[in-house]
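The file work-v1.cif contains mmCIF, C-alpha atoms and all ligand atoms:
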data_start
loop_
_atom_site.group_PDB
_atom_site.id
_atom_site.type_symbol
_atom_site.label_atom_id
_atom_site.label_comp_id
_atom_site.auth_asym_id
_atom_site.auth_seq_id
_atom_site.Cartn_x
_atom_site.Cartn_y
_atom_site.Cartn_z
ATOM 1 C CA MET P 1 -1.591 -15.080 -17.904
ATOM 2 C CA SER P 2 -3.679 -13.083 -15.462
ATOM 3 C CA ASP P 3 -7.473 -12.896 -15.397
ATOM 4 C CA ASN P 4 -9.006 -9.446 -15.187
ATOM 5 C CA THR P 5 -9.164 -9.440 -11.381
ATOM 6 C CA SER P 6 -5.702 -10.711 -10.448
ATOM 7 C CA VAL P 7 -3.456 -8.023 -9.030
ATOM 8 C CA ARG P 8 0.194 -8.343 -10.056
ATOM 9 C CA LYS P 9 1.467 -4.801 -9.672
ATOM 10 C CA CYS P 10 1.758 -2.327 -6.841
ATOM 11 C CA LEU P 11 2.588 1.376 -7.063
ATOM 12 C CA PHE P 12 4.451 3.118 -4.263
ATOM 13 C CA PRO P 13 4.259 6.916 -4.474
ATOM 14 C CA VAL P 14 7.508 7.924 -2.766
ATOM 15 C CA ALA P 15 8.304 11.348 -4.152
ATOM 16 C CA GLY P 16 7.155 13.367 -1.095
ATOM 17 C CA TYR P 17 9.559 15.472 0.937
ATOM 18 C CA GLY P 18 8.848 14.209 4.455
ATOM 19 C CA THR P 19 9.101 17.687 5.940
ATOM 20 C CA ARG P 20 7.618 16.522 9.244
ATOM 21 C CA PHE P 21 10.767 14.498 9.861
ATOM 22 C CA LEU P 22 13.344 17.186 9.044
ATOM 23 C CA PRO P 23 16.263 17.247 9.544
ATOM 24 C CA ALA P 24 16.313 13.400 9.278
ATOM 25 C CA THR P 25 14.806 13.581 5.792
ATOM 26 C CA LYS P 26 17.042 16.330 4.433
ATOM 27 C CA ALA P 27 19.292 13.957 2.483
ATOM 28 C CA MET P 28 17.433 10.676 3.087
ATOM 29 C CA PRO P 29 14.030 9.597 1.738
ATOM 30 C CA LYS P 30 11.370 9.499 4.474
ATOM 31 C CA GLU P 31 10.429 6.009 3.256
ATOM 32 C CA MET P 32 13.884 4.803 4.362
ATOM 33 C CA LEU P 33 13.237 5.783 7.993
ATOM 34 C CA PRO P 34 13.378 2.506 9.913
ATOM 35 C CA ILE P 35 10.905 1.075 12.363
ATOM 36 C CA VAL P 36 13.576 -0.580 14.534
ATOM 37 C CA ASN P 37 15.855 -2.035 11.813
ATOM 38 C CA LYS P 38 13.665 -2.164 8.702
ATOM 39 C CA PRO P 39 12.828 0.807 6.446
ATOM 40 C CA LEU P 40 9.159 1.714 6.135
ATOM 41 C CA ILE P 41 9.214 1.052 2.395
ATOM 42 C CA GLN P 42 10.374 -2.537 2.958
ATOM 43 C CA TYR P 43 7.374 -3.208 5.222
ATOM 44 C CA GLY P 44 5.149 -1.963 2.393
ATOM 45 C CA VAL P 45 6.856 -4.112 -0.246
ATOM 46 C CA GLU P 46 6.708 -7.187 2.009
ATOM 47 C CA GLU P 47 2.981 -6.585 2.552
ATOM 48 C CA ALA P 48 2.421 -6.466 -1.220
ATOM 49 C CA LEU P 49 4.500 -9.619 -1.705
ATOM 50 C CA SER P 50 2.442 -11.455 0.956
ATOM 51 C CA ALA P 51 -0.657 -10.403 -0.992
ATOM 52 C CA GLY P 52 0.710 -12.217 -4.058
ATOM 53 C CA ILE P 53 2.048 -9.127 -5.867
ATOM 54 C CA THR P 54 5.551 -9.318 -7.329
ATOM 55 C CA GLN P 55 5.891 -6.268 -9.602
ATOM 56 C CA MET P 56 6.692 -3.174 -7.580
ATOM 57 C CA GLY P 57 6.576 0.248 -9.240
ATOM 58 C CA PHE P 58 7.990 3.278 -7.450
ATOM 59 C CA ILE P 59 7.033 6.818 -8.341
ATOM 60 C CA THR P 60 10.159 8.537 -7.129
ATOM 61 C CA GLY P 61 11.619 12.003 -7.189
ATOM 62 C CA ARG P 62 14.896 13.777 -6.714
ATOM 63 C CA GLY P 63 16.906 12.573 -3.731
ATOM 64 C CA LYS P 64 15.267 9.153 -3.587
ATOM 65 C CA ARG P 65 18.015 6.961 -5.022
ATOM 66 C CA ALA P 66 18.515 5.164 -1.705
ATOM 67 C CA ILE P 67 15.209 3.365 -2.334
ATOM 68 C CA ALA P 68 16.464 1.895 -5.627
ATOM 69 C CA ASP P 69 19.751 0.918 -3.972
ATOM 70 C CA HIS P 70 17.893 -0.754 -1.105
ATOM 71 C CA PHE P 71 16.114 -3.115 -3.503
ATOM 72 C CA ASP P 72 19.311 -4.043 -5.346
ATOM 73 C CA THR P 73 22.228 -6.294 -4.455
ATOM 74 C CA SER P 74 25.061 -4.607 -2.585
ATOM 75 C CA TYR P 75 28.078 -6.635 -3.780
ATOM 76 C CA GLU P 76 30.478 -4.992 -1.368
ATOM 77 C CA LEU P 77 28.262 -5.768 1.616
ATOM 78 C CA GLU P 78 27.563 -9.297 0.386
ATOM 79 C CA SER P 79 31.256 -10.122 0.036
ATOM 80 C CA GLU P 80 32.014 -8.487 3.376
ATOM 81 C CA ILE P 81 29.541 -10.442 5.476
ATOM 82 C CA SER P 82 28.825 -13.589 3.499
ATOM 83 C CA GLY P 83 29.731 -16.650 5.557
ATOM 84 C CA THR P 84 29.761 -14.629 8.815
ATOM 85 C CA SER P 85 27.202 -14.661 11.632
ATOM 86 C CA LYS P 86 25.897 -11.298 10.393
ATOM 87 C CA GLU P 87 24.694 -12.761 7.115
ATOM 88 C CA LYS P 88 21.284 -13.631 8.599
ATOM 89 C CA HIS P 89 20.460 -9.916 8.803
ATOM 90 C CA LEU P 90 20.430 -9.748 5.007
ATOM 91 C CA GLU P 91 18.020 -12.660 4.545
ATOM 92 C CA PRO P 92 14.706 -10.751 4.594
ATOM 93 C CA ILE P 93 15.786 -8.180 2.016
ATOM 94 C CA ARG P 94 17.437 -10.858 -0.158
ATOM 95 C CA THR P 95 14.136 -12.741 -0.243
ATOM 96 C CA VAL P 96 12.275 -9.625 -1.363
ATOM 97 C CA ILE P 97 14.881 -8.857 -4.044
ATOM 98 C CA ASP P 98 14.789 -12.442 -5.374
ATOM 99 C CA LYS P 99 11.008 -12.645 -5.592
ATOM 100 C CA CYS P 100 10.106 -9.210 -6.982
ATOM 101 C CA ASP P 101 10.745 -7.012 -9.995
ATOM 102 C CA PHE P 102 11.297 -3.311 -9.339
ATOM 103 C CA MET P 103 10.381 -0.437 -11.639
ATOM 104 C CA PHE P 104 11.043 3.259 -11.122
ATOM 105 C CA MET P 105 9.617 6.415 -12.634
ATOM 106 C CA ARG P 106 10.367 9.972 -11.671
ATOM 107 C CA GLN P 107 7.592 12.383 -10.781
ATOM 108 C CA ARG P 108 9.153 15.648 -11.884
ATOM 109 C CA GLU P 109 6.665 17.911 -10.124
ATOM 110 C CA MET P 110 4.790 17.156 -6.901
ATOM 111 C CA LEU P 111 1.216 17.853 -7.994
ATOM 112 C CA GLY P 112 -0.597 15.485 -5.620
ATOM 113 C CA LEU P 113 -1.298 11.801 -4.998
ATOM 114 C CA GLY P 114 -3.599 11.553 -8.033
ATOM 115 C CA HIS P 115 -0.834 12.982 -10.215
ATOM 116 C CA ALA P 116 1.686 10.542 -8.698
ATOM 117 C CA VAL P 117 -0.573 7.569 -9.501
ATOM 118 C CA LEU P 118 -1.096 8.864 -13.048
ATOM 119 C CA THR P 119 2.689 9.166 -13.437
ATOM 120 C CA GLY P 120 2.835 5.408 -12.760
ATOM 121 C CA GLU P 121 0.440 4.536 -15.600
ATOM 122 C CA PRO P 122 3.180 3.268 -17.975
ATOM 123 C CA MET P 123 4.314 0.804 -15.262
ATOM 124 C CA VAL P 124 0.748 -0.482 -14.789
ATOM 125 C CA GLY P 125 -0.733 -0.657 -18.279
ATOM 126 C CA ASN P 126 -4.291 -1.904 -18.582
ATOM 127 C CA GLU P 127 -4.765 -4.103 -15.520
ATOM 128 C CA PRO P 128 -5.896 -3.683 -11.906
ATOM 129 C CA PHE P 129 -3.160 -2.556 -9.547
ATOM 130 C CA ALA P 130 -2.529 -1.793 -5.891
ATOM 131 C CA VAL P 131 -1.269 1.447 -4.342
ATOM 132 C CA VAL P 132 0.561 1.485 -1.013
ATOM 133 C CA LEU P 133 1.452 4.631 0.925
ATOM 134 C CA ALA P 134 4.353 3.346 2.996
ATOM 135 C CA ASP P 135 3.926 5.794 5.853
ATOM 136 C CA ASP P 136 0.662 4.073 6.744
ATOM 137 C CA LEU P 137 2.233 1.011 8.334
ATOM 138 C CA CYS P 138 -0.228 -1.882 8.624
ATOM 139 C CA LEU P 139 0.664 -4.766 10.865
ATOM 140 C CA ASN P 140 1.443 -7.907 8.871
ATOM 141 C CA ASP P 141 1.813 -10.597 11.525
ATOM 142 C CA GLY P 142 0.333 -13.512 9.585
ATOM 143 C CA GLU P 143 -2.539 -13.972 12.032
ATOM 144 C CA ILE P 144 -5.170 -12.366 9.835
ATOM 145 C CA PRO P 145 -4.956 -11.362 6.153
ATOM 146 C CA ASN P 146 -2.813 -8.248 5.831
ATOM 147 C CA ALA P 147 -4.322 -4.977 4.602
ATOM 148 C CA LEU P 148 -3.597 -5.524 0.910
ATOM 149 C CA GLN P 149 -4.742 -9.152 1.051
ATOM 150 C CA GLN P 150 -8.067 -7.921 2.443
ATOM 151 C CA LEU P 151 -8.409 -5.439 -0.432
ATOM 152 C CA VAL P 152 -7.361 -7.928 -3.114
ATOM 153 C CA GLU P 153 -9.966 -10.448 -1.856
ATOM 154 C CA ILE P 154 -12.784 -7.904 -2.062
ATOM 155 C CA HIS P 155 -11.552 -6.659 -5.446
ATOM 156 C CA GLN P 156 -11.629 -10.226 -6.775
ATOM 157 C CA LYS P 157 -15.111 -10.809 -5.404
ATOM 158 C CA TYR P 158 -16.667 -7.629 -6.846
ATOM 159 C CA ASN P 159 -14.257 -6.817 -9.702
ATOM 160 C CA CYS P 160 -14.149 -3.085 -8.909
ATOM 161 C CA SER P 161 -11.908 -0.448 -7.302
ATOM 162 C CA VAL P 162 -11.564 -0.696 -3.513
ATOM 163 C CA VAL P 163 -10.015 1.521 -0.847
ATOM 164 C CA MET P 164 -9.060 0.721 2.718
ATOM 165 C CA ILE P 165 -10.724 2.625 5.546
ATOM 166 C CA GLN P 166 -10.556 2.936 9.293
ATOM 167 C CA GLU P 167 -12.685 4.810 11.809
ATOM 168 C CA VAL P 168 -10.959 7.937 13.102
ATOM 169 C CA PRO P 169 -12.010 10.498 15.719
ATOM 170 C CA LYS P 170 -14.246 13.081 14.058
ATOM 171 C CA SER P 171 -11.753 15.775 15.083
ATOM 172 C CA ASP P 172 -9.132 14.180 12.761
ATOM 173 C CA THR P 173 -11.082 14.184 9.492
ATOM 174 C CA ALA P 174 -9.062 17.078 8.018
ATOM 175 C CA SER P 175 -6.039 14.731 7.766
ATOM 176 C CA TYR P 176 -7.746 12.145 5.553
ATOM 177 C CA GLY P 177 -9.967 11.381 2.619
ATOM 178 C CA ILE P 178 -13.367 10.601 4.166
ATOM 179 C CA ILE P 179 -15.998 8.333 2.610
ATOM 180 C CA SER P 180 -19.637 7.581 3.238
ATOM 181 C CA GLY P 181 -21.679 4.700 1.927
ATOM 182 C CA GLU P 182 -23.948 1.776 2.570
ATOM 183 C CA GLU P 183 -22.577 -1.321 4.300
ATOM 184 C CA ILE P 184 -23.244 -4.153 1.792
ATOM 185 C CA GLU P 185 -21.512 -6.869 3.776
ATOM 186 C CA GLN P 186 -19.804 -6.746 7.116
ATOM 187 C CA GLY P 187 -17.009 -4.167 6.926
ATOM 188 C CA VAL P 188 -17.559 -3.460 3.190
ATOM 189 C CA TYR P 189 -19.191 -0.189 2.100
ATOM 190 C CA GLN P 190 -20.442 0.882 -1.304
ATOM 191 C CA ILE P 191 -19.183 4.440 -1.548
ATOM 192 C CA ASP P 192 -21.681 7.215 -2.260
ATOM 193 C CA ASP P 193 -19.537 10.189 -1.267
ATOM 194 C CA MET P 194 -15.879 11.020 -0.736
ATOM 195 C CA VAL P 195 -14.245 14.246 0.413
ATOM 196 C CA GLU P 196 -10.529 14.943 0.690
ATOM 197 C CA LYS P 197 -9.489 16.384 4.058
ATOM 198 C CA PRO P 198 -12.839 17.887 5.168
ATOM 199 C CA GLN P 199 -13.230 19.856 8.363
ATOM 200 C CA PRO P 200 -15.163 17.785 10.953
ATOM 201 C CA GLU P 201 -18.375 19.737 10.326
ATOM 202 C CA ASP P 202 -18.190 18.998 6.584
ATOM 203 C CA ALA P 203 -17.151 15.337 6.867
ATOM 204 C CA PRO P 204 -19.733 12.819 5.593
ATOM 205 C CA SER P 205 -18.649 10.298 8.293
ATOM 206 C CA ASN P 206 -15.621 9.336 10.364
ATOM 207 C CA LEU P 207 -14.530 6.586 7.925
ATOM 208 C CA ALA P 208 -11.062 7.629 6.771
ATOM 209 C CA ILE P 209 -9.144 6.312 3.782
ATOM 210 C CA ILE P 210 -5.806 4.896 4.765
ATOM 211 C CA GLY P 211 -2.979 4.359 2.324
ATOM 212 C CA ARG P 212 -4.061 1.156 0.565
ATOM 213 C CA TYR P 213 -5.977 0.984 -2.709
ATOM 214 C CA VAL P 214 -6.708 -1.618 -5.391
ATOM 215 C CA LEU P 215 -7.776 0.255 -8.510
ATOM 216 C CA THR P 216 -9.085 -0.694 -11.905
ATOM 217 C CA PRO P 217 -7.102 0.892 -14.755
ATOM 218 C CA ASN P 218 -9.989 3.116 -15.873
ATOM 219 C CA ILE P 219 -9.052 5.321 -12.880
ATOM 220 C CA PHE P 220 -6.307 6.850 -15.047
ATOM 221 C CA ASP P 221 -8.879 8.491 -17.356
ATOM 222 C CA TYR P 222 -10.721 9.831 -14.314
ATOM 223 C CA ILE P 223 -7.505 11.287 -12.858
ATOM 224 C CA ARG P 224 -6.728 12.949 -16.186
ATOM 225 C CA GLN P 225 -10.044 14.802 -15.880
ATOM 226 C CA THR P 226 -9.569 15.735 -12.221
ATOM 227 C CA LYS P 227 -8.846 19.378 -11.426
ATOM 228 C CA PRO P 228 -6.618 20.328 -8.491
ATOM 229 C CA GLY P 229 -8.604 20.117 -5.231
ATOM 230 C CA ALA P 230 -7.585 20.192 -1.533
ATOM 231 C CA ASN P 231 -4.169 21.886 -1.066
ATOM 232 C CA GLY P 232 -4.199 22.753 -4.796
ATOM 233 C CA GLU P 233 -3.252 19.121 -5.591
ATOM 234 C CA VAL P 234 -4.745 16.538 -7.949
ATOM 235 C CA GLN P 235 -6.385 14.185 -5.455
ATOM 236 C CA ILE P 236 -7.021 10.482 -6.016
ATOM 237 C CA THR P 237 -10.044 10.889 -3.711
ATOM 238 C CA ASP P 238 -11.656 13.341 -6.164
ATOM 239 C CA ALA P 239 -11.074 10.992 -9.124
ATOM 240 C CA LEU P 240 -12.536 8.059 -7.170
ATOM 241 C CA LYS P 241 -15.583 10.096 -6.181
ATOM 242 C CA VAL P 242 -16.468 10.637 -9.853
ATOM 243 C CA LEU P 243 -15.704 6.975 -10.631
ATOM 244 C CA ALA P 244 -18.100 5.995 -7.808
ATOM 245 C CA GLU P 245 -20.871 7.970 -9.557
ATOM 246 C CA ASP P 246 -20.372 5.871 -12.714
ATOM 247 C CA GLU P 247 -19.681 2.436 -11.232
ATOM 248 C CA MET P 248 -19.336 0.583 -7.934
ATOM 249 C CA VAL P 249 -16.396 1.609 -5.735
ATOM 250 C CA LEU P 250 -16.016 -0.133 -2.384
ATOM 251 C CA ALA P 251 -14.368 0.676 0.921
ATOM 252 C CA VAL P 252 -13.114 -2.096 3.192
ATOM 253 C CA LYS P 253 -12.573 -1.695 6.913
ATOM 254 C CA LEU P 254 -9.050 -2.608 7.958
ATOM 255 C CA LYS P 255 -8.930 -5.646 10.241
ATOM 256 C CA SER P 256 -5.290 -5.366 11.266
ATOM 257 C CA ARG P 257 -3.598 -2.571 13.174
ATOM 258 C CA ARG P 258 -2.289 0.572 11.471
ATOM 259 C CA PHE P 259 0.306 3.124 12.559
ATOM 260 C CA ASP P 260 0.439 6.605 11.054
ATOM 261 C CA CYS P 261 4.195 6.756 10.520
ATOM 262 C CA GLY P 262 3.831 10.067 8.686
ATOM 263 C CA SER P 263 3.505 11.635 12.145
ATOM 264 C CA ILE P 264 6.083 11.638 14.925
ATOM 265 C CA ASP P 265 3.565 10.189 17.425
ATOM 266 C CA GLY P 266 2.582 7.301 15.138
ATOM 267 C CA PHE P 267 6.207 6.632 14.252
ATOM 268 C CA VAL P 268 7.206 6.346 17.904
ATOM 269 C CA GLU P 269 4.145 4.201 18.655
ATOM 270 C CA ALA P 270 5.072 1.825 15.801
ATOM 271 C CA THR P 271 8.683 1.683 16.934
ATOM 272 C CA ASN P 272 7.662 0.713 20.469
ATOM 273 C CA TYR P 273 5.118 -1.826 19.253
ATOM 274 C CA TYR P 274 7.487 -3.533 16.811
ATOM 275 C CA TYR P 275 10.311 -3.544 19.337
ATOM 276 C CA GLN P 276 8.084 -5.307 21.854
ATOM 277 C CA HIS P 277 6.311 -7.726 19.511
ATOM 278 C CA GLN P 278 8.731 -8.707 16.739
ATOM 279 C CA HIS P 279 11.946 -10.660 16.977
ATOM 280 C CA TYR P 280 15.154 -9.000 15.841
HETATM 281 C C1 LIG U 1 -3.363 10.716 1.408
HETATM 282 C C2 LIG U 1 -4.737 10.722 0.731
HETATM 283 C C3 LIG U 1 -5.851 10.707 1.777
HETATM 284 C C4 LIG U 1 -5.647 9.518 2.705
HETATM 285 C C5 LIG U 1 -4.244 9.544 3.319
HETATM 286 C C6 LIG U 1 -3.978 8.291 4.113
HETATM 287 O O1 LIG U 1 -3.192 11.932 2.092
HETATM 288 O O2 LIG U 1 -4.834 11.869 -0.089
HETATM 289 O O3 LIG U 1 -7.100 10.604 1.140
HETATM 290 O O4 LIG U 1 -6.636 9.557 3.722
HETATM 291 O O5 LIG U 1 -3.236 9.617 2.295
HETATM 292 O O6 LIG U 1 -2.743 8.357 4.774
HETATM 293 P P1 LIG U 1 -1.754 12.420 2.670
HETATM 294 O O7 LIG U 1 -1.611 11.770 4.018
HETATM 295 O O8 LIG U 1 -0.712 11.944 1.699
HETATM 296 O O9 LIG U 1 -1.845 13.898 2.761
#
With the file now loaded, output its structure as structure tokens.
Amino acid sequence: MSDNTSVRKCLFPVAGYGTRFLPATKAMPKEMLPIVNKPLIQYGVEEALSAGITQMGFITGRGKRAIADHFDTSYELESEISGTSKEKHLEPIRTVIDKCDFMFMRQREMLGLGHAVLTGEPMVGNEPFAVVLADDLCLNDGEIPNALQQLVEIHQKYNCSVVMIQEVPKSDTASYGIISGEEIEQGVYQIDDMVEKPQPEDAPSNLAIIGRYVLTPNIFDYIRQTKPGANGEVQITDALKVLAEDEMVLAVKLKSRRFDCGSIDGFVEATNYYYQHQHY
């Protein structure tokens, strides 16, 4: 049995088109783009697993079947390479498949991140859950708690919804949800305002939300009441802003390194970093 702060489930919204990576993403999900030899989505799932989460829920869309296949046994491949020197390359994904359960739901229309999270409600039920946006790749090198571990710890301490943040140049605020708040312990802010993708002159700070959240299940009711906002989409930021008016919502500064793999520059930077620092 879980207590009311343990986090057992993680949602991965993966229905987006990945237009910035066309033509690579024409017939392949952007979450399957590899940093060296591992797909972005696998880094995200491994991060959740290291944070003690074993139930992975994907909010998928058309053209995303490769993700479900990736987290399933490939009998043909297994029989082809089992007992050969190449078998070791399958070990990491086998471990993930053995330790986790995988759930999938289709988001039929792309109406925003808030809508994607709400689509995942039947996979979550009435318990706290994590959300990982796989194109924000956070380094998980075992030296310090990974991004989700940091969020889960603060969630367990305060028993409330928490989002991950990072300082960004003021000129970049229009790419992020931006928060402001009071620092209640080192690197932990109690949120008093949140704006999705503000222009620099309208941004309440330079503290940007990056793609990691641990949310209490009452967020679903708040999303249901959220009207389309920035880009005409139902934004999780807008739902969290109203939640923060009713109860404590915290933001935690990321301690590890993060690569924006939703952009070509960040993707190349991550590729170079992982090639130089990890063993393949
Ligand atoms: C989403 C969120 C935004 C957050 C960002 C982090 O935006 O809506 O608040 O700052 O992820 O990557 P997206 O990048 O999907 O447009």
What are the centre and edge lengths in Å, to one decimal, of the axis-aligned box around all listed atoms of ligand LIG 1 (chain U) with 6 Å added on each side, as lines of an AutoDock Vina configuration file?
center_x = -3.9
center_y = 11.1
center_z = 2.3
size_x = 18.4
size_y = 17.6
size_z = 16.9
On this structure, which residues satisfy the PyMOL selection byres (((not hetatm)) within 10 of (chain U and resi 1)), written as a short mmCIF file (atom, residue, chain, number, x, y, z; two decimals) with C-alpha atoms, in the coordinates of the input?
data_model
loop_
_atom_site.label_atom_id
_atom_site.label_comp_id
_atom_site.auth_asym_id
_atom_site.auth_seq_id
_atom_site.Cartn_x
_atom_site.Cartn_y
_atom_site.Cartn_z
CA PRO P 13 4.26 6.92 -4.47
CA GLY P 16 7.16 13.37 -1.10
CA GLY P 112 -0.60 15.48 -5.62
CA LEU P 113 -1.30 11.80 -5.00
CA GLY P 114 -3.60 11.55 -8.03
CA VAL P 132 0.56 1.48 -1.01
CA LEU P 133 1.45 4.63 0.92
CA ALA P 134 4.35 3.35 3.00
CA ASP P 135 3.93 5.79 5.85
CA ASP P 136 0.66 4.07 6.74
CA LEU P 137 2.23 1.01 8.33
CA VAL P 163 -10.02 1.52 -0.85
CA MET P 164 -9.06 0.72 2.72
CA ILE P 165 -10.72 2.62 5.55
CA GLN P 166 -10.56 2.94 9.29
CA THR P 173 -11.08 14.18 9.49
CA ALA P 174 -9.06 17.08 8.02
CA SER P 175 -6.04 14.73 7.77
CA TYR P 176 -7.75 12.14 5.55
CA GLY P 177 -9.97 11.38 2.62
CA ILE P 178 -13.37 10.60 4.17
CA ILE P 179 -16.00 8.33 2.61
CA MET P 194 -15.88 11.02 -0.74
CA VAL P 195 -14.24 14.25 0.41
CA GLU P 196 -10.53 14.94 0.69
CA LYS P 197 -9.49 16.38 4.06
CA LEU P 207 -14.53 6.59 7.92
CA ALA P 208 -11.06 7.63 6.77
CA ILE P 209 -9.14 6.31 3.78
CA ILE P 210 -5.81 4.90 4.76
CA GLY P 211 -2.98 4.36 2.32
CA ARG P 212 -4.06 1.16 0.56
CA ALA P 230 -7.58 20.19 -1.53
CA ASN P 231 -4.17 21.89 -1.07
CA GLU P 233 -3.25 19.12 -5.59
CA VAL P 234 -4.74 16.54 -7.95
CA GLN P 235 -6.38 14.18 -5.46
CA ILE P 236 -7.02 10.48 -6.02
CA THR P 237 -10.04 10.89 -3.71
CA ASP P 238 -11.66 13.34 -6.16
CA PHE P 259 0.31 3.12 12.56
CA ASP P 260 0.44 6.60 11.05
CA CYS P 261 4.20 6.76 10.52
CA GLY P 262 3.83 10.07 8.69
CA SER P 263 3.50 11.64 12.14
#
### Message
Which residues would end up in the selection if the PyMOL selection byres (((chain P and resi 206) around 6) and not hetatm) were applied here, given that I need the answer as an MDAnalysis selection string?
### Response
chainID P and resid 167:168 170 205 207
### Message
I'd like the interatomic distance between atom CA of P:Asn218 and atom CA of P:Glu185, to a tenth of an Å.
### Response
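About the pair atom CA of P:Asn218 and atom CA of P:Glu185: they are 24.9 Å apart.
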### Computed interatomic separation between atom CA of P:Arg257 and atom CA of P:Tyr273 (Å)
10.7 Å
#### Entry: Atomic distance atom CA of P:Lys227 - atom CA of P:Pro169, expressed in Å with one decimal
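Separation between atom CA of P:Lys227 and atom CA of P:Pro169: 28.7 Å.
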#### Entry: Selected residue of minimal separation from P:Met103 among P:Ser85, P:Thr25, P:Thr60, P:Asn159, counting only C-alpha atoms
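Smallest distance to P:Met103 is found for P:Thr60.
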### Message
Please enumerate the residues selected by the PyMOL selection byres (((chain P and resi 50) around 10) and not hetatm) when evaluated against the supplied file, formatted as a list in words.
### Response
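This file gives the following for the PyMOL selection byres (((chain P and resi 50) around 10) and not hetatm): Gly44, Val45, Glu46, Glu47, Ala48, Leu49, Ala51, Gly52, Ile53, Thr54, Asn140, Gly142, Pro145, Asn146, Leu148 and Gln149 of chain P.
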### Message
Within 6 Å of (12.2, 6.0, 2.0) (file coordinates; only C-alpha atoms), which protein or nucleic acid residues are there? I'd like them as a PyMOL selection string.
### Response
chain P and resi 29-32+41+67
